[in-house]
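Listing of input-v1.cif; format and content: mmCIF, C-alpha atoms.
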```cif
data_work
loop_
_atom_site.label_atom_id
_atom_site.label_comp_id
_atom_site.auth_asym_id
_atom_site.auth_seq_id
_atom_site.Cartn_x
_atom_site.Cartn_y
_atom_site.Cartn_z
CA MET E 125 106.42 92.38 121.51
CA THR E 126 105.31 94.67 118.72
CA PHE E 127 104.93 93.31 115.21
CA THR E 128 105.06 95.59 112.19
CA GLY E 129 104.44 95.19 108.51
CA GLN E 130 103.42 96.85 105.31
CA CYS E 131 102.17 95.84 101.91
CA SER E 132 104.55 95.72 98.96
CA CYS E 133 103.51 99.18 97.67
CA GLY E 134 103.75 100.70 101.15
CA ALA E 135 100.25 102.23 101.21
CA VAL E 136 99.04 100.04 104.08
CA ALA E 137 100.98 99.61 107.32
CA VAL E 138 100.18 97.46 110.33
CA SER E 139 101.40 97.52 113.91
CA ILE E 140 100.44 94.96 116.53
CA ALA E 141 101.13 95.43 120.24
CA GLY E 142 100.74 91.86 121.45
CA GLU E 143 101.33 88.19 120.79
CA PRO E 144 99.00 86.12 118.61
CA ALA E 145 96.49 83.74 120.22
CA ALA E 146 97.23 81.22 117.46
CA VAL E 147 99.00 80.92 114.11
CA ARG E 148 97.37 78.59 111.61
CA GLN E 149 97.78 77.51 108.03
CA CYS E 150 94.49 77.16 106.14
CA TRP E 151 94.06 74.98 103.05
CA CYS E 152 90.33 75.60 102.49
CA ARG E 153 89.41 75.97 98.84
CA GLN E 154 88.54 79.62 99.29
CA CYS E 155 91.99 80.38 100.65
CA GLN E 156 93.59 78.56 97.73
CA GLN E 157 91.59 80.72 95.31
CA LEU E 158 92.49 83.95 97.08
CA ALA E 159 96.12 83.16 97.81
CA GLY E 160 97.61 81.89 94.58
CA GLY E 161 97.06 78.19 95.09
CA GLY E 162 98.72 77.49 98.42
CA ALA E 163 97.44 77.84 101.95
CA THR E 164 96.97 81.13 103.75
CA ASN E 165 99.03 81.57 106.92
CA ASN E 166 97.21 83.49 109.59
CA ALA E 167 98.19 84.94 112.95
CA MET E 168 95.15 85.59 115.13
CA PHE E 169 95.72 88.77 117.14
CA ASN E 170 93.45 90.48 119.60
CA THR E 171 91.61 93.15 117.61
CA ALA E 172 92.38 95.72 120.31
CA ASP E 173 96.13 95.22 119.74
CA VAL E 174 96.04 95.97 116.00
CA THR E 175 96.57 99.37 114.33
CA ILE E 176 96.24 99.67 110.56
CA THR E 177 96.88 102.78 108.48
CA GLY E 178 96.13 103.21 104.77
CA GLU E 179 93.18 102.44 102.55
CA LEU E 180 91.80 98.90 102.51
CA ALA E 181 89.48 97.18 100.03
CA GLN E 182 87.23 94.48 101.41
CA ALA E 183 85.31 91.45 100.18
CA THR E 184 82.78 89.58 102.30
CA TRP E 185 81.46 86.07 101.88
CA THR E 186 80.10 83.05 103.69
CA ALA E 187 82.97 80.74 104.50
CA ALA E 188 82.89 76.96 104.42
CA SER E 189 82.46 77.11 108.20
CA GLY E 190 79.18 78.99 107.75
CA ASN E 191 80.58 82.17 109.26
CA THR E 192 80.76 85.47 107.40
CA LEU E 193 84.35 86.30 106.55
CA THR E 194 85.70 89.69 105.55
CA HIS E 195 88.96 89.67 103.61
CA SER E 196 90.81 93.00 103.64
CA ARG E 197 93.56 93.91 101.21
CA CYS E 198 95.51 96.99 100.18
CA ALA E 199 93.23 99.05 97.96
CA ALA E 200 96.18 99.93 95.74
CA CYS E 201 98.34 96.81 95.30
CA GLY E 202 95.87 94.15 96.40
CA ASN E 203 98.16 92.47 98.93
CA PRO E 204 96.12 90.55 101.50
CA VAL E 205 96.26 92.19 104.94
CA TYR E 206 93.85 90.39 107.27
CA ALA E 207 90.64 88.42 107.57
CA GLN E 208 87.97 88.59 110.22
CA SER E 209 85.12 86.24 111.07
CA SER E 210 81.66 87.34 112.16
CA ALA E 211 81.85 84.68 114.85
CA ARG E 212 85.03 86.12 116.38
CA PRO E 213 85.21 89.93 116.10
CA GLN E 214 87.68 89.93 118.98
CA PHE E 215 90.33 88.51 116.61
CA MET E 216 91.94 89.84 113.46
CA THR E 217 93.76 87.17 111.49
CA MET E 218 96.74 88.90 109.96
CA ARG E 219 98.22 87.29 106.86
CA LEU E 220 101.81 86.32 107.63
CA GLY E 221 102.96 87.72 104.29
CA ILE E 222 102.16 91.26 105.38
CA LEU E 223 104.41 91.15 108.44
CA ASP E 224 108.02 92.26 108.19
CA PRO E 225 110.44 89.29 107.90
CA GLY E 226 112.09 88.33 111.15
CA HIS E 227 108.81 88.23 113.10
CA GLY E 228 109.54 84.67 114.19
CA LEU E 229 105.94 83.52 113.85
CA ALA E 230 105.21 80.17 112.22
CA PRO E 231 102.10 78.05 111.73
CA GLN E 232 101.28 75.94 114.80
CA ALA E 233 98.45 73.96 113.19
CA VAL E 234 97.16 73.17 109.72
CA ILE E 235 93.41 73.38 109.10
CA TRP E 236 90.97 72.37 106.33
CA THR E 237 93.35 69.65 105.13
CA ASP E 238 90.31 67.96 103.52
CA ASP E 239 90.54 70.62 100.80
CA ALA E 240 94.32 70.43 100.26
CA PRO E 241 95.42 69.17 96.84
CA ALA E 242 97.37 65.92 96.68
CA TRP E 243 100.59 67.83 95.99
CA ALA E 244 100.34 69.91 99.17
CA VAL E 245 103.30 69.53 101.55
CA ILE E 246 102.14 69.70 105.15
CA ASP E 247 104.58 69.83 108.03
CA PRO E 248 104.27 66.38 109.69
CA ALA E 249 105.24 67.90 113.05
CA LEU E 250 102.11 70.05 113.22
CA PRO E 251 98.62 69.07 114.37
CA THR E 252 96.14 68.94 111.50
CA PHE E 253 92.39 69.41 111.35
CA PRO E 254 90.34 68.11 108.43
CA GLN E 255 88.07 71.14 108.67
CA GLN E 256 87.50 73.99 111.13
CA PRO E 257 89.23 73.61 114.51
CA PRO E 258 87.87 74.86 117.82
CA PRO E 259 88.48 78.59 118.39
CA PRO E 260 91.47 79.62 120.54
CA PRO E 261 90.72 81.15 123.93
CA SER E 262 90.40 84.92 124.08
CA LYS E 263 93.19 86.69 125.86
CA GLY E 264 92.93 89.63 128.20
CA MET R 77 92.56 70.39 75.43
CA SER R 78 91.14 73.40 77.19
CA HIS R 79 91.28 74.23 80.89
CA ARG R 80 89.10 76.65 82.79
CA GLY R 81 89.31 78.62 85.97
CA ARG R 82 87.88 81.53 87.90
CA CYS R 83 88.44 83.78 90.85
CA PHE R 84 86.74 83.21 94.16
CA CYS R 85 83.71 85.43 93.42
CA GLY R 86 83.37 84.40 89.79
CA GLY R 87 83.86 87.92 88.44
CA VAL R 88 86.95 86.85 86.52
CA THR R 89 87.06 83.68 84.45
CA PHE R 90 89.59 82.31 82.01
CA THR R 91 90.16 79.59 79.49
CA ALA R 92 93.51 78.10 78.54
CA THR R 93 93.55 76.49 75.11
CA ALA R 94 96.82 74.64 75.62
CA ASP R 95 98.13 72.20 78.18
CA PRO R 96 100.43 73.45 80.94
CA LEU R 97 104.16 73.75 80.30
CA GLY R 98 104.97 73.00 83.93
CA ALA R 99 104.36 74.27 87.45
CA ARG R 100 106.48 75.84 90.18
CA MET R 101 106.15 77.21 93.66
CA CYS R 102 107.74 80.63 94.15
CA TRP R 103 108.98 81.77 97.55
CA CYS R 104 110.13 85.25 96.54
CA ARG R 105 109.11 87.96 98.98
CA ASP R 106 106.65 89.49 96.52
CA CYS R 107 104.87 86.15 96.23
CA GLN R 108 104.67 85.75 100.01
CA TYR R 109 102.80 89.08 100.13
CA ILE R 110 100.37 87.85 97.49
CA ALA R 111 99.99 84.37 98.95
CA SER R 112 99.40 85.29 102.61
CA GLY R 113 102.77 83.94 103.67
CA SER R 114 102.91 80.87 101.44
CA PRO R 115 104.68 80.53 98.11
CA THR R 116 102.54 81.19 95.07
CA VAL R 117 101.77 78.00 93.16
CA ASN R 118 102.01 78.71 89.48
CA VAL R 119 100.91 76.67 86.47
CA LEU R 120 102.69 77.90 83.36
CA PHE R 121 100.80 78.17 80.07
CA PRO R 122 101.97 79.56 76.72
CA GLY R 123 101.46 83.32 76.91
CA ASP R 124 98.94 83.43 74.06
CA ALA R 125 96.91 80.42 75.23
CA VAL R 126 95.00 82.06 78.09
CA THR R 127 91.97 84.30 77.55
CA TRP R 128 90.57 86.29 80.46
CA SER R 129 87.02 87.54 80.94
CA GLY R 130 85.89 90.13 83.46
CA PRO R 131 87.64 93.07 85.11
CA LEU R 132 91.25 92.64 86.23
CA THR R 133 93.45 95.01 88.19
CA THR R 134 97.08 94.79 87.14
CA ILE R 135 100.18 95.95 89.01
CA ALA R 136 103.60 96.05 87.34
CA LYS R 137 106.64 95.89 89.59
CA VAL R 138 110.34 95.12 89.25
CA ALA R 139 110.74 91.66 90.79
CA GLU R 140 113.75 90.18 92.62
CA SER R 141 114.82 88.76 89.25
CA GLY R 142 115.18 92.29 87.87
CA ASN R 143 112.38 91.66 85.38
CA THR R 144 109.25 93.79 85.37
CA VAL R 145 106.42 91.47 86.33
CA GLU R 146 102.73 92.21 85.86
CA ARG R 147 100.37 90.66 88.37
CA GLY R 148 96.62 90.50 87.91
CA PHE R 149 93.93 90.16 90.54
CA CYS R 150 90.15 90.39 90.72
CA PRO R 151 89.13 93.90 91.82
CA THR R 152 86.03 92.53 93.55
CA CYS R 153 87.24 89.61 95.67
CA GLY R 154 91.01 90.15 95.47
CA SER R 155 91.85 86.68 94.18
CA GLN R 156 95.34 86.59 92.73
CA MET R 157 94.98 85.39 89.12
CA TYR R 158 98.32 85.42 87.28
CA SER R 159 101.69 86.99 86.71
CA ARG R 160 103.80 87.44 83.61
CA THR R 161 107.03 89.11 82.66
CA VAL R 162 106.37 92.26 80.65
CA HIS R 163 110.00 93.47 80.49
CA PRO R 164 112.04 92.13 78.87
CA ALA R 165 109.24 91.40 76.42
CA GLY R 166 109.25 88.11 74.61
CA THR R 167 107.50 84.81 74.56
CA GLN R 168 107.38 84.23 78.29
CA PRO R 169 104.68 81.92 79.62
CA VAL R 170 101.88 83.26 81.78
CA TRP R 171 101.93 82.03 85.37
CA VAL R 172 98.38 81.13 86.30
CA ARG R 173 97.85 80.85 90.07
CA ALA R 174 96.94 77.21 90.69
CA GLY R 175 94.19 78.10 93.12
CA THR R 176 92.18 79.72 90.34
CA LEU R 177 92.09 76.60 88.16
CA ASP R 178 88.90 74.56 88.34
CA ASN R 179 91.28 71.65 88.84
CA PRO R 180 94.12 72.81 91.15
CA SER R 181 95.79 69.43 90.65
CA LEU R 182 95.94 69.83 86.87
CA CYS R 183 99.72 70.14 86.98
CA PRO R 184 101.39 69.47 90.34
CA PRO R 185 104.39 71.68 91.15
CA GLU R 186 107.71 70.39 89.81
CA ALA R 187 110.16 72.74 91.52
CA TYR R 188 110.64 75.45 94.11
CA ILE R 189 112.20 78.78 93.17
CA TRP R 190 113.53 81.70 95.24
CA VAL R 191 113.88 79.46 98.30
CA ASP R 192 116.52 81.83 99.71
CA SER R 193 113.57 84.06 100.66
CA ALA R 194 111.53 81.28 102.32
CA PRO R 195 110.84 81.52 106.06
CA ALA R 196 112.48 79.07 108.45
CA TRP R 197 109.19 77.16 108.87
CA ALA R 198 108.81 76.39 105.17
CA VAL R 199 108.44 72.70 104.36
CA PHE R 200 109.55 71.19 101.07
CA ASP R 201 108.80 68.07 99.09
CA PRO R 202 112.25 66.41 99.21
CA THR R 203 111.75 64.91 95.76
CA LEU R 204 111.52 68.32 94.06
CA PRO R 205 114.45 70.55 93.09
CA ARG R 206 114.92 73.75 95.08
CA PHE R 207 116.49 76.72 93.32
CA ARG R 208 117.96 79.42 95.52
CA LYS R 209 116.82 82.14 93.13
CA GLY R 210 115.11 81.94 89.74
CA PRO R 211 114.75 78.82 87.57
CA GLY R 212 118.16 77.44 86.69
CA SER R 213 119.94 79.18 89.57
CA GLN R 214 122.06 77.33 92.15
CA ARG R 215 120.22 74.43 93.72
CA VAL R 216 119.93 73.62 97.40
CA GLU R 217 121.26 70.12 97.89
#
```
Would you mind writing the file out in structure tokens?
Amino acid sequence: MTFTGQCSCGAVAVSIAGEPAAVRQCWCRQCQQLAGGGATNNAMFNTADVTITGELAQATWTAASGNTLTHSRCAACGNPVYAQSSARPQFMTMRLGILDPGHGLAPQAVIWTDDAPAWAVIDPALPTFPQQPPPPPSKG
Amino acid sequence: MSHRGRCFCGGVTFTATADPLGARMCWCRDCQYIASGSPTVNVLFPGDAVTWSGPLTTIAKVAESGNTVERGFCPTCGSQMYSRTVHPAGTQPVWVRAGTLDNPSLCPPEAYIWVDSAPAWAVFDPTLPRFRKGPGSQRVE
């Protein structure tokens, strides 16, 4: 299946020719700061499957996991597009908000629940991890 | 009582010199873009009570409500900082993104808005009201 998406101003477009290895919701404090106060929702695709057009702006930092994370957003409207970890260059974690509605993807696990505020509502049907979970297997 | 906050990288800081008026989670499509697929979590302060320091990039866009909404984010790290209605002009509160508050639990959310746009996987606190569109619109029972 091919997934498509674009930011709200239309300057950045994404196309993904493959299924995600995992879809996770992350409540780490850094994600809350970046994403308006809630969790980020991230679909981990094989980097080789992802095509992005348009100008991105990037910020890099050391995540709570100790890995170096690069957060890429539309250079014009600032919408988050994807994140990538130095430990796993084979994956690009696309932000679910950037994908066109109807993609059918949903979080399969919730991570960094240690950092979630008391008011956070976490789906009781999903597995949770207090911090970083093990990485998913690489595909292909 | 004053409340402080900052973006992820610390390039933008702010001080609110009043207590919050309330807090809401917004599932409109524009907010899902900003919030990486989640709703934005917004703590409302009186519009003149928040003072910002540091560079901010602002984008004004007509929202699903029909209002023109200005959204501010840090140009360095991209943290989403606030939104506010700029048209129609008036005495609207400023919606500070809860994640930027030093204390994200300062004012827990009291309602969901624009839930008609929420994805099928969205989970809701059953004790909070859910408005199909903006505040005061039809509620989901």
*Show which residues sit within 8 Å of stretch 77-87 of chain R, as a ChimeraX atom specification. Count only C-alpha atoms, and ignore same-chain residues fewer than 6 positions away.*
/E:154,157-158 /R:93-95,130-131,150,152-153,155-157,176-179
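Taking all atoms listed in the file into account, the polymer residues that have an atom no farther than 9 Å from (95.1, 75.6, 109.8) are Val147, Arg148, Gln149, Cys150, Trp151, Cys152, Ala163, Thr164, Asn165, Asn166, Pro231, Gln232, Ala233, Val234, Ile235, Trp236, Thr237, Pro251, Thr252, Phe253, Pro254, Gln255, Gln256 and Pro257 of chain E.
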I'd like a table as JSON lines: residues in chain R with an atom no more than 9 Å from chain E, each row giving the shortest atom pair and its distance in Å to one decimal, all atoms listed in the file counted, sorted by chain and rising residue number.
```
{"residue": "R:Arg82", "atom": "CA", "partner": "E:Gln157", "partner_atom": "CA", "distance": 8.3}
{"residue": "R:Cys83", "atom": "CA", "partner": "E:Gln157", "partner_atom": "CA", "distance": 6.3}
{"residue": "R:Phe84", "atom": "CA", "partner": "E:Gln157", "partner_atom": "CA", "distance": 5.6}
{"residue": "R:Cys85", "atom": "CA", "partner": "E:Trp185", "partner_atom": "CA", "distance": 8.8}
{"residue": "R:Met101", "atom": "CA", "partner": "E:Gly162", "partner_atom": "CA", "distance": 8.8}
{"residue": "R:Arg105", "atom": "CA", "partner": "E:Gly221", "partner_atom": "CA", "distance": 8.1}
{"residue": "R:Asp106", "atom": "CA", "partner": "E:Ser132", "partner_atom": "CA", "distance": 7.0}
{"residue": "R:Cys107", "atom": "CA", "partner": "E:Gly221", "partner_atom": "CA", "distance": 8.4}
{"residue": "R:Gln108", "atom": "CA", "partner": "E:Gly221", "partner_atom": "CA", "distance": 5.0}
{"residue": "R:Tyr109", "atom": "CA", "partner": "E:Gly221", "partner_atom": "CA", "distance": 4.4}
{"residue": "R:Ile110", "atom": "CA", "partner": "E:Asn203", "partner_atom": "CA", "distance": 5.3}
{"residue": "R:Ala111", "atom": "CA", "partner": "E:Ala159", "partner_atom": "CA", "distance": 4.2}
{"residue": "R:Ser112", "atom": "CA", "partner": "E:Gly221", "partner_atom": "CA", "distance": 4.6}
{"residue": "R:Gly113", "atom": "CA", "partner": "E:Gly221", "partner_atom": "CA", "distance": 3.8}
{"residue": "R:Ser114", "atom": "CA", "partner": "E:Gly162", "partner_atom": "CA", "distance": 6.2}
{"residue": "R:Pro115", "atom": "CA", "partner": "E:Gly162", "partner_atom": "CA", "distance": 6.7}
{"residue": "R:Thr116", "atom": "CA", "partner": "E:Gly160", "partner_atom": "CA", "distance": 5.0}
{"residue": "R:Val117", "atom": "CA", "partner": "E:Gly161", "partner_atom": "CA", "distance": 5.1}
{"residue": "R:Asn118", "atom": "CA", "partner": "E:Gly160", "partner_atom": "CA", "distance": 7.4}
{"residue": "R:Thr133", "atom": "CA", "partner": "E:Gly202", "partner_atom": "CA", "distance": 8.6}
{"residue": "R:Thr134", "atom": "CA", "partner": "E:Cys201", "partner_atom": "CA", "distance": 8.5}
{"residue": "R:Ile135", "atom": "CA", "partner": "E:Cys201", "partner_atom": "CA", "distance": 6.6}
{"residue": "R:Phe149", "atom": "CA", "partner": "E:Gly202", "partner_atom": "CA", "distance": 7.4}
{"residue": "R:Cys150", "atom": "CA", "partner": "E:Gly202", "partner_atom": "CA", "distance": 8.9}
{"residue": "R:Pro151", "atom": "CA", "partner": "E:Gly202", "partner_atom": "CA", "distance": 8.2}
{"residue": "R:Thr152", "atom": "CA", "partner": "E:Ala183", "partner_atom": "CA", "distance": 6.8}
{"residue": "R:Cys153", "atom": "CA", "partner": "E:Ala183", "partner_atom": "CA", "distance": 5.2}
{"residue": "R:Gly154", "atom": "CA", "partner": "E:Gly202", "partner_atom": "CA", "distance": 6.4}
{"residue": "R:Ser155", "atom": "CA", "partner": "E:Leu158", "partner_atom": "CA", "distance": 4.0}
{"residue": "R:Gln156", "atom": "CA", "partner": "E:Gly160", "partner_atom": "CA", "distance": 5.5}
{"residue": "R:Met157", "atom": "CA", "partner": "E:Gly160", "partner_atom": "CA", "distance": 7.0}
{"residue": "R:Tyr158", "atom": "CA", "partner": "E:Gly160", "partner_atom": "CA", "distance": 8.1}
{"residue": "R:Val172", "atom": "CA", "partner": "E:Gly160", "partner_atom": "CA", "distance": 8.4}
{"residue": "R:Arg173", "atom": "CA", "partner": "E:Gly160", "partner_atom": "CA", "distance": 4.6}
{"residue": "R:Ala174", "atom": "CA", "partner": "E:Gly161", "partner_atom": "CA", "distance": 4.5}
{"residue": "R:Gly175", "atom": "CA", "partner": "E:Gly161", "partner_atom": "CA", "distance": 3.5}
{"residue": "R:Thr176", "atom": "CA", "partner": "E:Gln157", "partner_atom": "CA", "distance": 5.1}
{"residue": "R:Leu177", "atom": "CA", "partner": "E:Gln157", "partner_atom": "CA", "distance": 8.3}
{"residue": "R:Pro180", "atom": "CA", "partner": "E:Pro241", "partner_atom": "CA", "distance": 6.9}
{"residue": "R:Ser181", "atom": "CA", "partner": "E:Pro241", "partner_atom": "CA", "distance": 6.2}
{"residue": "R:Pro184", "atom": "CA", "partner": "E:Trp243", "partner_atom": "CA", "distance": 5.9}
{"residue": "R:Pro185", "atom": "CA", "partner": "E:Trp243", "partner_atom": "CA", "distance": 7.3}
{"residue": "R:Pro195", "atom": "CA", "partner": "E:Pro225", "partner_atom": "CA", "distance": 8.0}
{"residue": "R:Ala196", "atom": "CA", "partner": "E:Ala230", "partner_atom": "CA", "distance": 8.3}
{"residue": "R:Trp197", "atom": "CA", "partner": "E:Ala230", "partner_atom": "CA", "distance": 6.0}
{"residue": "R:Ala198", "atom": "CA", "partner": "E:Asp247", "partner_atom": "CA", "distance": 8.3}
{"residue": "R:Val199", "atom": "CA", "partner": "E:Asp247", "partner_atom": "CA", "distance": 6.1}
{"residue": "R:Phe200", "atom": "CA", "partner": "E:Val245", "partner_atom": "CA", "distance": 6.5}
{"residue": "R:Asp201", "atom": "CA", "partner": "E:Val245", "partner_atom": "CA", "distance": 6.2}
```
Please dump the current selection as a PDB file, keeping the file's coordinate frame; keep C-alpha atoms.
```pdb
ATOM      1  CA  ARG R  82      87.880  81.530  87.900  1.00  0.00           C
ATOM      2  CA  CYS R  83      88.440  83.780  90.850  1.00  0.00           C
ATOM      3  CA  PHE R  84      86.740  83.210  94.160  1.00  0.00           C
ATOM      4  CA  CYS R  85      83.710  85.430  93.420  1.00  0.00           C
ATOM      5  CA  MET R 101     106.150  77.210  93.660  1.00  0.00           C
ATOM      6  CA  ARG R 105     109.110  87.960  98.980  1.00  0.00           C
ATOM      7  CA  ASP R 106     106.650  89.490  96.520  1.00  0.00           C
ATOM      8  CA  CYS R 107     104.870  86.150  96.230  1.00  0.00           C
ATOM      9  CA  GLN R 108     104.670  85.750 100.010  1.00  0.00           C
ATOM     10  CA  TYR R 109     102.800  89.080 100.130  1.00  0.00           C
ATOM     11  CA  ILE R 110     100.370  87.850  97.490  1.00  0.00           C
ATOM     12  CA  ALA R 111      99.990  84.370  98.950  1.00  0.00           C
ATOM     13  CA  SER R 112      99.400  85.290 102.610  1.00  0.00           C
ATOM     14  CA  GLY R 113     102.770  83.940 103.670  1.00  0.00           C
ATOM     15  CA  SER R 114     102.910  80.870 101.440  1.00  0.00           C
ATOM     16  CA  PRO R 115     104.680  80.530  98.110  1.00  0.00           C
ATOM     17  CA  THR R 116     102.540  81.190  95.070  1.00  0.00           C
ATOM     18  CA  VAL R 117     101.770  78.000  93.160  1.00  0.00           C
ATOM     19  CA  ASN R 118     102.010  78.710  89.480  1.00  0.00           C
ATOM     20  CA  THR R 133      93.450  95.010  88.190  1.00  0.00           C
ATOM     21  CA  THR R 134      97.080  94.790  87.140  1.00  0.00           C
ATOM     22  CA  ILE R 135     100.180  95.950  89.010  1.00  0.00           C
ATOM     23  CA  PHE R 149      93.930  90.160  90.540  1.00  0.00           C
ATOM     24  CA  CYS R 150      90.150  90.390  90.720  1.00  0.00           C
ATOM     25  CA  PRO R 151      89.130  93.900  91.820  1.00  0.00           C
ATOM     26  CA  THR R 152      86.030  92.530  93.550  1.00  0.00           C
ATOM     27  CA  CYS R 153      87.240  89.610  95.670  1.00  0.00           C
ATOM     28  CA  GLY R 154      91.010  90.150  95.470  1.00  0.00           C
ATOM     29  CA  SER R 155      91.850  86.680  94.180  1.00  0.00           C
ATOM     30  CA  GLN R 156      95.340  86.590  92.730  1.00  0.00           C
ATOM     31  CA  MET R 157      94.980  85.390  89.120  1.00  0.00           C
ATOM     32  CA  TYR R 158      98.320  85.420  87.280  1.00  0.00           C
ATOM     33  CA  VAL R 172      98.380  81.130  86.300  1.00  0.00           C
ATOM     34  CA  ARG R 173      97.850  80.850  90.070  1.00  0.00           C
ATOM     35  CA  ALA R 174      96.940  77.210  90.690  1.00  0.00           C
ATOM     36  CA  GLY R 175      94.190  78.100  93.120  1.00  0.00           C
ATOM     37  CA  THR R 176      92.180  79.720  90.340  1.00  0.00           C
ATOM     38  CA  LEU R 177      92.090  76.600  88.160  1.00  0.00           C
ATOM     39  CA  PRO R 180      94.120  72.810  91.150  1.00  0.00           C
ATOM     40  CA  SER R 181      95.790  69.430  90.650  1.00  0.00           C
ATOM     41  CA  PRO R 184     101.390  69.470  90.340  1.00  0.00           C
ATOM     42  CA  PRO R 185     104.390  71.680  91.150  1.00  0.00           C
ATOM     43  CA  PRO R 195     110.840  81.520 106.060  1.00  0.00           C
ATOM     44  CA  ALA R 196     112.480  79.070 108.450  1.00  0.00           C
ATOM     45  CA  TRP R 197     109.190  77.160 108.870  1.00  0.00           C
ATOM     46  CA  ALA R 198     108.810  76.390 105.170  1.00  0.00           C
ATOM     47  CA  VAL R 199     108.440  72.700 104.360  1.00  0.00           C
ATOM     48  CA  PHE R 200     109.550  71.190 101.070  1.00  0.00           C
ATOM     49  CA  ASP R 201     108.800  68.070  99.090  1.00  0.00           C
TER      50      ASP R 201
END
```
_For this structure, which residues satisfy the selection - the PyMOL selection byres ((chain R and resi 204) around 9) - when it is evaluated on the file as given? I want them as number ranges by chain._
R: 185-188, 200-203, 205-206
*For atom CA of R:Arg160 and atom CA of E:Val138, determine how far apart the two atoms are, in Å to one decimal place.*
28.8 Å
*Can you list, as a PyMOL selection string, every protein, DNA or RNA residue that comes within 6 Å of R:Val170 when you count all atoms listed in the file, leaving out same-chain residues fewer than 6 positions away?*
chain R and resi 120-121+123+160
Let's have the selection written as a PDB file, keeping the file's coordinate frame, with C-alpha atoms.
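Listing of selection_39.pdb after writing:
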```pdb
ATOM      1  CA  LEU R 120     102.690  77.900  83.360  1.00  0.00           C
ATOM      2  CA  PHE R 121     100.800  78.170  80.070  1.00  0.00           C
ATOM      3  CA  GLY R 123     101.460  83.320  76.910  1.00  0.00           C
ATOM      4  CA  ARG R 160     103.800  87.440  83.610  1.00  0.00           C
TER       5      ARG R 160
END
```
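For the residues R:Ala125, R:Val162, R:Val119, R:Leu97, ranking by smallest atom-to-atom distance to R:Ala139 using all atoms listed in the file places R:Val162 first.
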_Near-E:Gln208 list (8 Å; all atoms listed in the file; drop same-chain fewer than 5 positions) as number ranges by chain_ = E: 193-195, 213, 215-217
*What is the atom CA of R:Gly142-atom CA of R:His163 distance in Å, reported with one decimal?*
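Computing the Euclidean distance for atom CA of R:Gly142 and atom CA of R:His163 yields 9.1 Å.
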*What separation in Å, quoted to one decimal, exists between atom CA of E:Ala141 and atom CA of E:Ile176?*
11.6 Å
*Contacts of R:Ser129 within 8 Å, all atoms listed in the file, excl. fewer than 2 positions in-chain, as a list of chain:residue names*: R:Val88, R:Thr89, R:Phe90, R:Thr127, R:Pro131
Within 8 Å of (89.1, 82.4, 115.6) in the file's own coordinates, which protein, DNA or RNA residues have an atom, counting all atoms listed in the file? List them as a PDB file with C-alpha atoms, in the coordinates of the input.
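What follows is the written file out20.pdb:
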```
ATOM      1  CA  MET E 168      95.150  85.590 115.130  1.00  0.00           C
ATOM      2  CA  SER E 209      85.120  86.240 111.070  1.00  0.00           C
ATOM      3  CA  ALA E 211      81.850  84.680 114.850  1.00  0.00           C
ATOM      4  CA  ARG E 212      85.030  86.120 116.380  1.00  0.00           C
ATOM      5  CA  PHE E 215      90.330  88.510 116.610  1.00  0.00           C
ATOM      6  CA  THR E 217      93.760  87.170 111.490  1.00  0.00           C
ATOM      7  CA  PRO E 258      87.870  74.860 117.820  1.00  0.00           C
ATOM      8  CA  PRO E 259      88.480  78.590 118.390  1.00  0.00           C
ATOM      9  CA  PRO E 260      91.470  79.620 120.540  1.00  0.00           C
TER      10      PRO E 260
END
```
*Once the PyMOL selection byres ((chain E and resi 173) around 6) has been applied to the shown file, what residues remain in the selection, as a PyMOL selection string?*
chain E and resi 140-142+170-172+174
*Contact residues around R:Ser159 with all atoms listed in the file at 7 Å, ignoring same-chain residues under 3 positions, as a PyMOL selection string*: chain R and resi 145-148+170-172
Centre and edges of the stretch 157-162 of chain E box, axis-aligned, 6 Å extra per side, as lines of an AutoDock Vina configuration file:
```
center_x = 95.2
center_y = 80.7
center_z = 96.5
size_x = 19.1
size_y = 18.5
size_z = 15.8
```
Output stretch 123-138 of chain R from the block with C-alpha atoms, as a JSON list (two decimals), in the first residue's frame?
```json
[["chain", "number", "residue", "atom", "x", "y", "z"],
["R", 123, "GLY", "CA", -5.04, 37.42, 25.89],
["R", 124, "ASP", "CA", -3.09, 40.23, 27.57],
["R", 125, "ALA", "CA", -1.67, 38.08, 30.38],
["R", 126, "VAL", "CA", 1.03, 36.24, 28.42],
["R", 127, "THR", "CA", 4.38, 37.83, 27.52],
["R", 128, "TRP", "CA", 6.69, 36.05, 25.09],
["R", 129, "SER", "CA", 10.46, 36.34, 24.82],
["R", 130, "GLY", "CA", 12.59, 35.15, 21.93],
["R", 131, "PRO", "CA", 11.91, 34.71, 18.22],
["R", 132, "LEU", "CA", 8.55, 33.29, 17.15],
["R", 133, "THR", "CA", 7.34, 32.32, 13.69],
["R", 134, "THR", "CA", 3.64, 32.96, 13.23],
["R", 135, "ILE", "CA", 1.27, 31.52, 10.63],
["R", 136, "ALA", "CA", -2.26, 32.87, 10.18],
["R", 137, "LYS", "CA", -4.82, 30.56, 8.61],
["R", 138, "VAL", "CA", -8.60, 30.33, 8.35]]
```
